[in-house]
file target.tsv (TSV, C-alpha atoms and all ligand atoms)
chain	number	residue	atom	x	y	z
A	1	MET	CA	16.96	-21.82	14.61
A	2	ARG	CA	13.16	-21.58	14.86
A	3	ILE	CA	11.90	-19.53	11.91
A	4	LEU	CA	8.44	-18.30	10.94
A	5	LEU	CA	7.96	-17.68	7.20
A	6	GLN	CA	5.29	-15.23	6.05
A	7	PHE	CA	4.07	-14.78	2.45
A	8	PRO	CA	1.57	-12.44	0.80
A	9	GLU	CA	-1.27	-14.24	-0.96
A	10	GLY	CA	0.38	-14.27	-4.39
A	11	LEU	CA	3.55	-15.94	-3.09
A	12	LYS	CA	2.02	-18.58	-0.78
A	13	LYS	CA	2.41	-21.10	-3.63
A	14	GLU	CA	6.19	-20.84	-3.15
A	15	ALA	CA	6.08	-21.45	0.61
A	16	LEU	CA	6.86	-25.15	0.46
A	17	ALA	CA	10.06	-24.67	-1.56
A	18	HIS	CA	11.36	-22.03	0.88
A	19	ALA	CA	10.40	-24.19	3.87
A	20	ALA	CA	12.26	-27.18	2.40
A	21	ARG	CA	15.38	-25.09	1.74
A	22	MET	CA	15.47	-23.65	5.24
A	23	SER	CA	14.69	-26.98	6.91
A	24	SER	CA	17.58	-28.57	5.00
A	25	GLN	CA	19.83	-25.93	6.57
A	26	GLY	CA	18.90	-27.28	10.01
A	27	ASN	CA	16.16	-24.77	10.90
A	28	GLU	CA	12.81	-25.56	12.47
A	29	VAL	CA	10.36	-23.93	10.07
A	30	PHE	CA	6.79	-22.73	10.67
A	31	LEU	CA	4.56	-21.15	7.98
A	32	SER	CA	2.18	-18.30	8.79
A	33	ALA	CA	-1.26	-19.16	7.42
A	34	SER	CA	-2.79	-15.76	8.18
A	35	ALA	CA	-3.78	-13.46	5.35
A	36	CYS	CA	-0.98	-11.04	4.53
A	37	TYR	CA	-1.65	-7.85	2.58
A	38	GLY	CA	1.45	-5.73	2.87
A	39	ALA	CA	4.81	-4.91	4.40
A	40	CYS	CA	2.91	-3.31	7.28
A	41	ASP	CA	1.52	-6.68	8.23
A	42	LEU	CA	4.40	-8.47	10.00
A	43	ALA	CA	3.27	-11.65	11.80
A	44	LEU	CA	4.84	-10.56	15.07
A	45	GLU	CA	2.11	-12.02	17.29
A	46	GLU	CA	2.45	-15.45	15.67
A	47	ALA	CA	6.24	-15.28	15.84
A	48	ARG	CA	6.10	-14.52	19.54
A	49	ALA	CA	3.44	-17.20	20.20
A	50	ILE	CA	5.66	-19.93	18.76
A	51	LYS	CA	8.82	-18.36	20.27
A	52	ALA	CA	10.43	-17.92	16.85
A	53	GLN	CA	13.92	-16.44	16.79
A	54	LYS	CA	13.46	-15.13	13.28
A	55	LEU	CA	10.57	-13.94	11.09
A	56	VAL	CA	11.14	-13.89	7.34
A	57	HIS	CA	8.59	-11.75	5.47
A	58	PHE	CA	8.58	-12.42	1.71
A	59	GLY	CA	7.36	-10.23	-1.12
A	60	HIS	CA	7.68	-6.71	0.22
A	61	ALA	CA	10.36	-4.12	0.87
A	62	GLU	CA	11.01	-2.96	4.38
A	63	PHE	CA	8.24	-0.80	5.81
A	64	MET	CA	10.24	2.11	7.14
A	65	LYS	CA	8.18	2.53	10.28
A	66	MET	CA	9.45	-0.83	11.51
A	67	SER	CA	13.09	-0.09	10.84
A	68	ALA	CA	14.53	1.92	13.68
A	69	SER	CA	17.80	-0.03	13.47
A	70	ALA	CA	17.73	-1.07	9.83
A	71	ASP	CA	20.54	-0.93	7.33
A	72	ASN	CA	19.51	1.87	4.97
A	73	SER	CA	21.74	0.80	2.10
A	74	PRO	CA	20.16	1.75	-1.22
A	75	SER	CA	20.98	-1.73	-2.55
A	76	ALA	CA	17.62	-3.39	-3.20
A	77	SER	CA	18.93	-6.92	-3.47
A	78	ARG	CA	20.32	-7.07	0.05
A	79	LEU	CA	18.16	-8.54	2.74
A	80	THR	CA	17.15	-5.80	5.12
A	81	LYS	CA	17.44	-6.66	8.78
A	82	VAL	CA	15.04	-5.02	11.21
A	83	LYS	CA	15.50	-5.40	14.95
A	84	VAL	CA	12.37	-5.99	16.99
A	85	PRO	CA	13.18	-6.89	20.63
A	86	GLY	CA	13.61	-10.66	20.98
A	87	LEU	CA	13.03	-11.36	17.31
A	88	ARG	CA	15.08	-10.97	14.16
A	89	VAL	CA	13.01	-9.80	11.17
A	90	GLU	CA	14.06	-10.04	7.54
A	91	TYR	CA	12.20	-8.71	4.51
A	92	VAL	CA	12.86	-10.56	1.26
A	93	PRO	CA	11.38	-8.54	-1.63
A	94	TYR	CA	10.11	-10.31	-4.74
A	95	PHE	CA	11.20	-8.95	-8.13
A	96	ALA	CA	9.09	-9.61	-11.22
A	97	GLU	CA	10.61	-10.65	-14.56
A	98	VAL	CA	9.49	-8.80	-17.67
A	99	ASP	CA	9.30	-9.97	-21.28
A	100	TRP	CA	11.09	-6.93	-22.71
A	101	LYS	CA	10.15	-7.62	-26.32
A	102	ALA	CA	6.43	-7.39	-25.50
A	103	ALA	CA	7.00	-4.63	-22.92
A	104	GLY	CA	8.96	-2.59	-25.49
A	105	ALA	CA	5.94	-2.47	-27.83
A	106	MET	CA	3.67	-1.68	-24.88
A	107	LEU	CA	5.92	1.23	-23.84
A	108	GLU	CA	5.77	2.58	-27.41
A	109	LYS	CA	1.98	2.62	-27.10
A	110	ALA	CA	2.33	4.32	-23.69
A	111	ALA	CA	4.63	6.99	-25.17
A	112	SER	CA	2.29	7.63	-28.06
A	113	LEU	CA	-0.72	8.03	-25.70
A	114	LEU	CA	1.33	10.43	-23.57
A	115	ARG	CA	2.48	12.48	-26.56
A	116	ALA	CA	-1.09	12.65	-27.89
A	117	SER	CA	-2.17	14.11	-24.53
A	118	GLY	CA	0.53	16.79	-24.80
A	119	ALA	CA	2.67	15.33	-21.97
A	120	LYS	CA	6.40	15.87	-22.30
A	121	LYS	CA	7.58	15.32	-18.72
A	122	VAL	CA	6.35	12.21	-16.91
A	123	SER	CA	6.61	10.99	-13.34
A	124	LEU	CA	7.52	7.27	-13.30
A	125	VAL	CA	6.22	5.13	-10.42
A	126	PHE	CA	6.10	1.38	-9.78
A	127	PRO	CA	5.48	-1.16	-6.99
A	128	ILE	CA	8.50	-2.82	-5.33
A	129	GLN	CA	8.19	-5.86	-7.63
A	130	HIS	CA	9.39	-3.70	-10.53
A	131	LEU	CA	12.21	-1.87	-8.77
A	132	LYS	CA	14.84	-3.67	-10.85
A	133	ASN	CA	12.95	-2.94	-14.09
A	134	ALA	CA	12.44	0.76	-13.44
A	135	LYS	CA	15.81	1.90	-14.87
A	136	ARG	CA	15.13	0.13	-18.15
A	137	VAL	CA	11.60	1.56	-18.34
A	138	GLN	CA	13.03	5.03	-17.72
A	139	GLU	CA	15.61	4.58	-20.50
A	140	ARG	CA	12.96	3.32	-22.95
A	141	LEU	CA	10.64	6.25	-22.25
A	142	GLU	CA	13.52	8.72	-22.59
A	143	HIS	CA	14.53	7.07	-25.86
A	144	LEU	CA	10.91	7.63	-26.99
A	145	GLY	CA	11.32	11.37	-26.39
A	146	LEU	CA	9.92	11.83	-22.89
A	147	ILE	CA	11.58	13.46	-19.88
A	148	VAL	CA	11.30	11.04	-16.97
A	149	LEU	CA	11.22	12.29	-13.37
A	150	MET	CA	11.05	10.32	-10.13
A	151	GLY	CA	9.84	11.49	-6.74
A	152	LYS	CA	10.09	9.86	-3.33
A	153	GLY	CA	7.10	8.85	-1.22
A	154	GLY	CA	6.59	9.17	2.53
A	155	SER	CA	8.44	7.57	5.41
A	156	HIS	CA	7.06	4.08	4.77
A	157	VAL	CA	8.48	4.01	1.26
A	158	ARG	CA	12.06	2.92	0.71
A	159	HIS	CA	12.93	3.74	-2.93
A	160	ALA	CA	12.52	6.69	-5.32
A	161	GLY	CA	9.57	6.03	-7.62
A	162	GLN	CA	8.19	3.25	-5.40
A	163	VAL	CA	4.49	3.40	-4.50
A	164	LEU	CA	2.49	1.47	-1.91
A	165	GLY	CA	-1.28	1.02	-1.92
A	166	CYS	CA	-1.35	3.50	0.97
A	167	ASP	CA	1.24	5.90	-0.39
A	168	GLY	CA	1.21	7.07	-4.00
A	169	THR	CA	2.83	10.41	-3.18
A	170	ALA	CA	6.09	9.52	-5.00
A	171	ALA	CA	4.08	10.34	-8.15
A	172	VAL	CA	3.74	14.00	-7.22
A	173	SER	CA	6.65	14.77	-4.89
A	174	GLY	CA	10.10	16.32	-5.38
A	175	LYS	CA	11.13	16.68	-9.03
A	176	ALA	CA	8.04	14.71	-10.07
A	177	ARG	CA	5.89	17.72	-9.11
A	178	ASP	CA	6.74	19.25	-12.51
A	179	ALA	CA	5.49	16.26	-14.49
A	180	ASP	CA	2.65	16.69	-17.00
A	181	ALA	CA	1.44	13.10	-16.43
A	182	ILE	CA	2.18	10.05	-14.33
A	183	VAL	CA	3.23	6.65	-15.66
A	184	TYR	CA	2.59	3.64	-13.44
A	185	PHE	CA	4.65	0.60	-14.52
A	186	GLY	CA	3.14	-2.54	-13.01
A	187	GLY	CA	0.09	-4.76	-12.90
A	188	GLY	CA	-3.40	-4.30	-11.48
A	189	LYS	CA	-5.34	-1.25	-10.39
A	190	PHE	CA	-4.68	-1.37	-6.65
A	191	HIS	CA	-1.50	0.72	-6.70
A	192	PRO	CA	-2.37	3.27	-9.44
A	193	THR	CA	-5.74	4.06	-7.87
A	194	GLY	CA	-3.82	5.06	-4.72
A	195	ILE	CA	-2.07	7.85	-6.63
A	196	PRO	CA	-3.35	11.31	-5.65
A	197	SER	CA	-5.62	12.74	-8.32
A	198	GLY	CA	-4.87	15.98	-10.14
A	199	LYS	CA	-2.72	14.75	-13.04
A	200	PRO	CA	-3.45	12.24	-15.79
A	201	VAL	CA	-2.27	8.73	-14.82
A	202	LEU	CA	-1.30	6.16	-17.45
A	203	CYS	CA	-0.87	2.47	-16.58
A	204	ALA	CA	1.89	0.66	-18.48
A	205	ASP	CA	1.13	-2.93	-17.54
A	206	PRO	CA	3.81	-5.49	-18.49
A	207	HIS	CA	1.59	-8.38	-17.37
A	208	LEU	CA	-1.44	-7.45	-19.51
A	209	VAL	CA	1.03	-6.02	-22.06
A	210	ASP	CA	-1.16	-2.94	-22.46
A	211	ALA	CA	-1.06	0.78	-21.78
A	212	TYR	CA	-4.22	2.62	-20.78
A	213	TRP	CA	-5.37	5.74	-18.92
A	214	ILE	CA	-6.73	5.22	-15.40
A	215	THR	CA	-7.42	8.88	-14.60
A	216	ASP	CA	-11.22	8.46	-14.77
A	217	GLU	CA	-11.17	5.54	-12.32
A	218	ILE	CA	-9.09	7.60	-9.84
A	219	ALA	CA	-11.60	10.47	-10.17
A	220	ARG	CA	-14.51	8.04	-9.70
A	221	GLN	CA	-12.98	6.72	-6.47
A	222	GLU	CA	-12.43	10.26	-5.22
A	223	LYS	CA	-16.11	10.99	-5.89
A	224	CYS	CA	-17.04	7.92	-3.80
A	225	ARG	CA	-14.79	9.15	-0.98
A	226	ASN	CA	-16.50	12.54	-1.08
A	227	GLY	CA	-19.92	10.86	-1.03
A	228	ALA	CA	-18.93	8.81	2.04
A	229	LEU	CA	-17.67	11.97	3.73
A	230	LEU	CA	-20.99	13.71	3.17
A	231	ALA	CA	-22.96	10.70	4.42
A	232	ALA	CA	-20.71	10.36	7.49
A	233	SER	CA	-21.27	14.03	8.34
A	234	GLN	CA	-24.92	13.11	9.11
A	235	ALA	CA	-23.96	10.20	11.40
A	236	ARG	CA	-24.50	10.40	15.18
A	237	THR	CA	-22.63	7.27	16.32
A	238	PHE	CA	-19.17	6.32	15.05
A	239	GLY	CA	-17.08	3.17	15.31
A	240	ILE	CA	-13.36	3.94	15.15
A	241	LEU	CA	-11.41	1.12	13.52
A	242	LEU	CA	-8.11	0.48	15.32
A	243	SER	CA	-5.94	-2.30	13.90
A	244	THR	CA	-3.35	-4.24	15.91
A	245	LYS	CA	-1.25	-4.95	12.82
A	246	PRO	CA	2.26	-3.63	13.63
A	247	GLY	CA	2.48	-1.19	10.72
A	248	GLN	CA	-1.15	-0.05	10.88
A	249	GLN	CA	-1.84	0.49	14.55
A	250	ASN	CA	-2.62	4.16	15.15
A	251	THR	CA	-3.86	4.43	18.71
A	252	ALA	CA	-3.07	8.13	19.01
A	253	GLY	CA	-5.00	8.89	15.80
A	254	ALA	CA	-7.98	6.84	17.00
A	255	GLN	CA	-8.00	8.59	20.38
A	256	LEU	CA	-7.81	11.99	18.72
A	257	ALA	CA	-10.68	11.09	16.35
A	258	LYS	CA	-12.82	10.02	19.32
A	259	LYS	CA	-12.10	13.26	21.16
A	260	LEU	CA	-12.83	15.45	18.12
A	261	LEU	CA	-16.06	13.64	17.30
A	262	GLU	CA	-17.26	13.89	20.91
A	263	LYS	CA	-16.51	17.59	20.84
A	264	LYS	CA	-18.92	17.79	17.89
A	265	GLY	CA	-21.59	16.06	20.00
A	266	ARG	CA	-21.16	12.63	18.37
A	267	ARG	CA	-20.86	9.30	20.15
A	268	ALA	CA	-17.68	7.39	19.26
A	269	GLU	CA	-16.33	4.01	20.38
A	270	MET	CA	-13.07	2.23	19.54
A	271	LEU	CA	-13.30	-1.09	17.68
A	272	VAL	CA	-10.09	-3.12	17.93
A	273	ALA	CA	-9.15	-6.02	15.63
A	274	ASN	CA	-6.15	-7.41	13.82
A	275	GLU	CA	-8.10	-7.42	10.59
A	276	PHE	CA	-11.38	-5.66	9.75
A	277	SER	CA	-13.98	-7.09	7.40
A	278	PRO	CA	-17.63	-6.31	6.66
A	279	LEU	CA	-18.56	-9.66	8.28
A	280	ALA	CA	-16.73	-8.87	11.53
A	281	LEU	CA	-18.58	-5.55	11.84
A	282	ALA	CA	-21.98	-6.65	10.53
A	283	ASN	CA	-23.58	-7.10	13.97
A	284	PHE	CA	-22.53	-3.72	15.36
A	285	LEU	CA	-25.89	-2.40	14.31
A	286	SER	CA	-25.76	0.82	16.32
A	287	PHE	CA	-22.93	2.49	14.43
A	288	ASP	CA	-23.96	4.89	11.68
A	289	ALA	CA	-20.45	5.28	10.21
A	290	TYR	CA	-16.82	4.24	10.71
A	291	ILE	CA	-13.59	6.19	10.99
A	292	ASN	CA	-10.77	4.03	9.70
A	293	THR	CA	-7.31	4.39	11.27
A	294	ALA	CA	-5.99	1.11	9.76
A	295	CYS	CA	-5.02	0.40	6.13
A	296	PRO	CA	-6.51	3.31	4.15
A	297	ARG	CA	-7.52	0.93	1.36
A	298	ILE	CA	-10.21	-0.61	3.60
A	299	VAL	CA	-12.42	2.17	2.24
A	300	ASP	CA	-12.24	0.55	-1.22
A	301	ASP	CA	-14.74	-1.99	0.19
A	302	ARG	CA	-17.03	0.65	1.68
A	303	GLU	CA	-20.07	-0.66	-0.19
A	304	ALA	CA	-19.66	-4.07	1.48
A	305	TYR	CA	-19.63	-2.39	4.92
A	306	GLY	CA	-23.06	-0.93	4.16
A	307	LYS	CA	-22.16	2.28	6.03
A	308	PRO	CA	-19.93	5.25	5.27
A	309	VAL	CA	-16.24	4.56	6.02
A	310	VAL	CA	-13.94	7.60	6.23
A	311	ASN	CA	-10.15	7.50	6.59
A	312	ILE	CA	-8.55	9.26	9.54
A	313	SER	CA	-6.63	11.44	7.05
A	314	GLU	CA	-10.00	13.02	6.14
A	315	ILE	CA	-11.23	13.70	9.68
A	316	LYS	CA	-10.52	17.41	9.39
A	317	ARG	CA	-12.69	17.70	6.27
A	318	LEU	CA	-15.38	15.62	7.95
A	319	LEU	CA	-15.47	17.89	11.01
A	320	GLU	CA	-15.64	20.96	8.78
A	321	ILE	CA	-18.82	19.79	7.04
A	322	MET	CA	-20.53	18.48	10.18
A	323	VAL	CA	-23.36	20.60	11.57
A	401	LIG	S1	-1.33	-0.15	5.00
A	401	LIG	FE1	-2.52	-1.23	3.41
A	401	LIG	S2	-1.80	-0.41	1.48
A	401	LIG	FE2	-0.28	0.13	3.04
A	401	LIG	S3	1.26	-1.48	2.95
A	401	LIG	FE3	-0.27	-2.07	4.49
A	401	LIG	S4	-1.78	-3.35	3.40
A	401	LIG	FE4	-0.57	-2.22	1.86
call {"tool": "encode", "arguments": {"input": "target.tsv", "output": "structure tokens"}}
result
Amino acid sequence: MRILLQFPEGLKKEALAHAARMSSQGNEVFLSASACYGACDLALEEARAIKAQKLVHFGHAEFMKMSASADNSPSASRLTKVKVPGLRVEYVPYFAEVDWKAAGAMLEKAASLLRASGAKKVSLVFPIQHLKNAKRVQERLEHLGLIVLMGKGGSHVRHAGQVLGCDGTAAVSGKARDADAIVYFGGGKFHPTGIPSGKPVLCADPHLVDAYWITDEIARQEKCRNGALLAASQARTFGILLSTKPGQQNTAGAQLAKKLLEKKGRRAEMLVANEFSPLALANFLSFDAYINTACPRIVDDREAYGKPVVNISEIKRLLEIMV
């Protein structure tokens, strides 16, 4: 079978071992060398170009939008099969190991910070890499006297408590709405800064082996988003970013944005690309601002774009403040 293997940046180092294993099973293996940022980013174009019969996407859980005929078993360890016409797609999530001795002490620090803030009920969230560790984290926090709640994110999210960079709503949905604070178990700031603001957010990081509040950083990013919104309200000419990545493409949203902006007397043009970067847009000198319909975390790099970038989810607010 001809197979295309796709890895996110952090797992590309393991590509050779997987290629060797699959080749030894009699498959013809190709490796995608494109950048890969998320489960939304299936290398369908490459798979079709090389006439692959199967695409194996490592490191992420199934992105629900792609899964019209998927097996919705709650078992995380099963490979999820997604049918895309002419191509078989498999997601193979990656699960991180935790040093529980060190993580135990770190969770004690987390619990003591939470108690000191007056929090009794907490909403527990994590990226897919820590799905298998979540139960143990929940038990530890409960043992330390906290009530642990878990919500479920939007349609792109597969598991209770799971967050994506573009969907942190599990932190504040369902039972988790009643939480006094949010606990993010995982590494880095990318996922926790995608959690909607409004409640204190504590990072319990098993990789740094540290627990710390990230509420101020979330508020700072919200301030930046509001600043970009205000600046974009003064713009006359807009570029609308429309991605061709399978899980990001939002043609209807881009068309609606164009129509609404034109109604307000603004000029708006669609800019289409698989991947957007400040360099790719640098020579479009006539645009005053961008409306982003692709990955909502593009706006994290707004300073590098040198112009206001506003997510499509904020278009209503933008139109309200436009004169
Ligand atoms: S849209 Fe962005 S944040 Fe969401 S899964 Fe894709 S790359 Fe990650």
call {"tool": "residues_near_ligand", "arguments": {"input": "target.tsv", "ligand": "ligand LIG 401 (chain A)", "cutoff": "9 Å", "atoms": "all atoms listed in the file", "output": "PyMOL selection string"}}
result
chain A and resi 36-41+60+63+156+164-167+190-191+194+245+247-248+294-298
call {"tool": "write_last_selection", "arguments": {"input": "target.tsv", "atoms": "C-alpha atoms", "output": "mmCIF file, in the frame of the given file"}}
result
data_model
loop_
_atom_site.group_PDB
_atom_site.id
_atom_site.type_symbol
_atom_site.label_atom_id
_atom_site.label_comp_id
_atom_site.auth_asym_id
_atom_site.auth_seq_id
_atom_site.Cartn_x
_atom_site.Cartn_y
_atom_site.Cartn_z
ATOM 1 C CA CYS A 36 -0.980 -11.040 4.530
ATOM 2 C CA TYR A 37 -1.650 -7.850 2.580
ATOM 3 C CA GLY A 38 1.450 -5.730 2.870
ATOM 4 C CA ALA A 39 4.810 -4.910 4.400
ATOM 5 C CA CYS A 40 2.910 -3.310 7.280
ATOM 6 C CA ASP A 41 1.520 -6.680 8.230
ATOM 7 C CA HIS A 60 7.680 -6.710 0.220
ATOM 8 C CA PHE A 63 8.240 -0.800 5.810
ATOM 9 C CA HIS A 156 7.060 4.080 4.770
ATOM 10 C CA LEU A 164 2.490 1.470 -1.910
ATOM 11 C CA GLY A 165 -1.280 1.020 -1.920
ATOM 12 C CA CYS A 166 -1.350 3.500 0.970
ATOM 13 C CA ASP A 167 1.240 5.900 -0.390
ATOM 14 C CA PHE A 190 -4.680 -1.370 -6.650
ATOM 15 C CA HIS A 191 -1.500 0.720 -6.700
ATOM 16 C CA GLY A 194 -3.820 5.060 -4.720
ATOM 17 C CA LYS A 245 -1.250 -4.950 12.820
ATOM 18 C CA GLY A 247 2.480 -1.190 10.720
ATOM 19 C CA GLN A 248 -1.150 -0.050 10.880
ATOM 20 C CA ALA A 294 -5.990 1.110 9.760
ATOM 21 C CA CYS A 295 -5.020 0.400 6.130
ATOM 22 C CA PRO A 296 -6.510 3.310 4.150
ATOM 23 C CA ARG A 297 -7.520 0.930 1.360
ATOM 24 C CA ILE A 298 -10.210 -0.610 3.600
#
call {"tool": "closest_residue", "arguments": {"input": "target.tsv", "among": "A:Pro278, A:Pro246, A:Gly253, A:Gly227", "to": "Glu46 in chain A", "atoms": "all atoms listed in the file"}}
result
A:Pro246
call {"tool": "residues_around", "arguments": {"input": "target.tsv", "residues": "range 207-215 of chain A", "least_positions_apart": "3", "cutoff": "8 Å", "atoms": "all atoms listed in the file", "output": "ChimeraX atom specification"}}
result
/A:98,102-103,106-107,109-110,186-187,192-193,197,199-204,218-219
call {"tool": "atom_distance", "arguments": {"input": "target.tsv", "atom1": "CA of Ala228 in chain A", "atom2": "CA of Arg317 in chain A"}}
result
11.7 Å
call {"tool": "closest_atom_pairs", "arguments": {"input": "target.tsv", "of": "range 183-301 of chain A", "to": "range 136-155 of chain A", "cutoff": "12 Å", "atoms": "only C-alpha atoms", "output": "Markdown table"}}
result
| residue | atom | partner | partner_atom | distance |
| --- | --- | --- | --- | --- |
| A:Val183 | CA | A:Val148 | CA | 9.3 |
| A:Tyr184 | CA | A:Val137 | CA | 10.5 |
| A:Phe185 | CA | A:Val137 | CA | 8.0 |
| A:Gly186 | CA | A:Val137 | CA | 10.8 |
| A:Ile195 | CA | A:Gly153 | CA | 10.7 |
| A:Pro196 | CA | A:Gly153 | CA | 11.6 |
| A:Ala204 | CA | A:Val137 | CA | 9.8 |
| A:Asp205 | CA | A:Val137 | CA | 11.4 |
| A:Pro206 | CA | A:Val137 | CA | 10.5 |
| A:Gly247 | CA | A:Ser155 | CA | 11.9 |
call {"tool": "residues_near_point", "arguments": {"input": "target.tsv", "point": "(8.8, -25.5, 1.4)", "cutoff": "12 Å", "atoms": "all atoms listed in the file", "output": "list of chain:residue names"}}
result
A:Leu4, A:Leu5, A:Gln6, A:Phe7, A:Leu11, A:Lys12, A:Lys13, A:Glu14, A:Ala15, A:Leu16, A:Ala17, A:His18, A:Ala19, A:Ala20, A:Arg21, A:Met22, A:Ser23, A:Ser24, A:Glu28, A:Val29, A:Phe30, A:Leu31
call {"tool": "write_last_selection", "arguments": {"input": "target.tsv", "atoms": "C-alpha atoms", "output": "compact mmCIF listing (two decimals), in the coordinates of the input"}}
result
# COMPACT_ATOMS: atom_id res chain seq x y z
CA LEU A 4 8.44 -18.30 10.94
CA LEU A 5 7.96 -17.68 7.20
CA GLN A 6 5.29 -15.23 6.05
CA PHE A 7 4.07 -14.78 2.45
CA LEU A 11 3.55 -15.94 -3.09
CA LYS A 12 2.02 -18.58 -0.78
CA LYS A 13 2.41 -21.10 -3.63
CA GLU A 14 6.19 -20.84 -3.15
CA ALA A 15 6.08 -21.45 0.61
CA LEU A 16 6.86 -25.15 0.46
CA ALA A 17 10.06 -24.67 -1.56
CA HIS A 18 11.36 -22.03 0.88
CA ALA A 19 10.40 -24.19 3.87
CA ALA A 20 12.26 -27.18 2.40
CA ARG A 21 15.38 -25.09 1.74
CA MET A 22 15.47 -23.65 5.24
CA SER A 23 14.69 -26.98 6.91
CA SER A 24 17.58 -28.57 5.00
CA GLU A 28 12.81 -25.56 12.47
CA VAL A 29 10.36 -23.93 10.07
CA PHE A 30 6.79 -22.73 10.67
CA LEU A 31 4.56 -21.15 7.98
call {"tool": "atom_distance", "arguments": {"input": "target.tsv", "atom1": "CA of Thr244 in chain A", "atom2": "CA of Pro127 in chain A"}}
result
24.7 Å
call {"tool": "closest_residue", "arguments": {"input": "target.tsv", "among": "A:Ala170, A:Ala33, A:Leu124, A:Ile3", "to": "Leu87 in chain A", "atoms": "all atoms listed in the file"}}
result
A:Ile3
call {"tool": "residues_around", "arguments": {"input": "target.tsv", "residues": "range 229-242 of chain A", "least_positions_apart": "4", "cutoff": "9 Å", "atoms": "only C-alpha atoms", "output": "ChimeraX atom specification"}}
result
/A:224-225,248-251,253-255,257-258,261,265-274,276,284,286-294,307-310,314-315,317-323
call {"tool": "atom_distance", "arguments": {"input": "target.tsv", "atom1": "CA of Gly10 in chain A", "atom2": "CA of Glu97 in chain A"}}
result
14.9 Å
call {"tool": "closest_residue", "arguments": {"input": "target.tsv", "among": "A:Glu9, A:Arg88, A:Gly26, A:Ala171", "to": "Arg48 in chain A", "atoms": "all atoms listed in the file"}}
result
A:Arg88
call {"tool": "closest_residue", "arguments": {"input": "target.tsv", "among": "A:Ser112, A:Lys316, A:Tyr305, A:Asp99", "to": "Lys264 in chain A", "atoms": "all atoms listed in the file"}}
result
A:Lys316
call {"tool": "closest_residue", "arguments": {"input": "target.tsv", "among": "A:Gln53, A:Gln162, A:Gln129, A:Ser123", "to": "Ile182 in chain A", "atoms": "only C-alpha atoms"}}
result
A:Ser123
call {"tool": "closest_residue", "arguments": {"input": "target.tsv", "among": "A:Lys263, A:Arg220, A:His130, A:His159", "to": "Gly59 in chain A", "atoms": "only C-alpha atoms"}}
result
A:His130
call {"tool": "decode", "arguments": {"input": "target.tsv", "residues": "range 122-134 of chain A", "atoms": "N, CA and C atoms", "output": "tab-separated table (two decimals), in the first residue's frame"}}
result
chain	number	residue	atom	x	y	z
A	122	VAL	N	-12.62	23.09	40.83
A	122	VAL	CA	-11.77	23.46	39.70
A	122	VAL	C	-12.20	22.71	38.44
A	123	SER	N	-12.00	23.38	37.31
A	123	SER	CA	-12.24	22.77	36.00
A	123	SER	C	-10.90	22.27	35.50
A	124	LEU	N	-10.80	20.95	35.22
A	124	LEU	CA	-9.53	20.37	34.77
A	124	LEU	C	-9.54	20.25	33.24
A	125	VAL	N	-8.50	20.80	32.61
A	125	VAL	CA	-8.36	20.69	31.14
A	125	VAL	C	-6.93	20.28	30.80
A	126	PHE	N	-6.76	19.74	29.59
A	126	PHE	CA	-5.45	19.22	29.18
A	126	PHE	C	-5.45	19.08	27.66
A	127	PRO	N	-4.26	19.06	27.04
A	127	PRO	CA	-4.19	18.76	25.61
A	127	PRO	C	-4.25	17.24	25.43
A	128	ILE	N	-4.47	16.79	24.21
A	128	ILE	CA	-4.65	15.35	23.94
A	128	ILE	C	-3.48	14.51	24.45
A	129	GLN	N	-2.27	15.06	24.48
A	129	GLN	CA	-1.10	14.30	24.91
A	129	GLN	C	-1.25	13.80	26.34
A	130	HIS	N	-2.10	14.46	27.14
A	130	HIS	CA	-2.24	14.07	28.54
A	130	HIS	C	-3.59	13.42	28.84
A	131	LEU	N	-4.26	12.98	27.80
A	131	LEU	CA	-5.57	12.33	28.01
A	131	LEU	C	-5.46	11.15	28.99
A	132	LYS	N	-4.42	10.34	28.82
A	132	LYS	CA	-4.30	9.15	29.67
A	132	LYS	C	-3.85	9.49	31.09
A	133	ASN	N	-3.34	10.72	31.28
A	133	ASN	CA	-2.89	11.11	32.63
A	133	ASN	C	-3.97	11.87	33.39
A	134	ALA	N	-5.03	12.25	32.69
A	134	ALA	CA	-6.02	13.15	33.29
A	134	ALA	C	-6.71	12.53	34.50
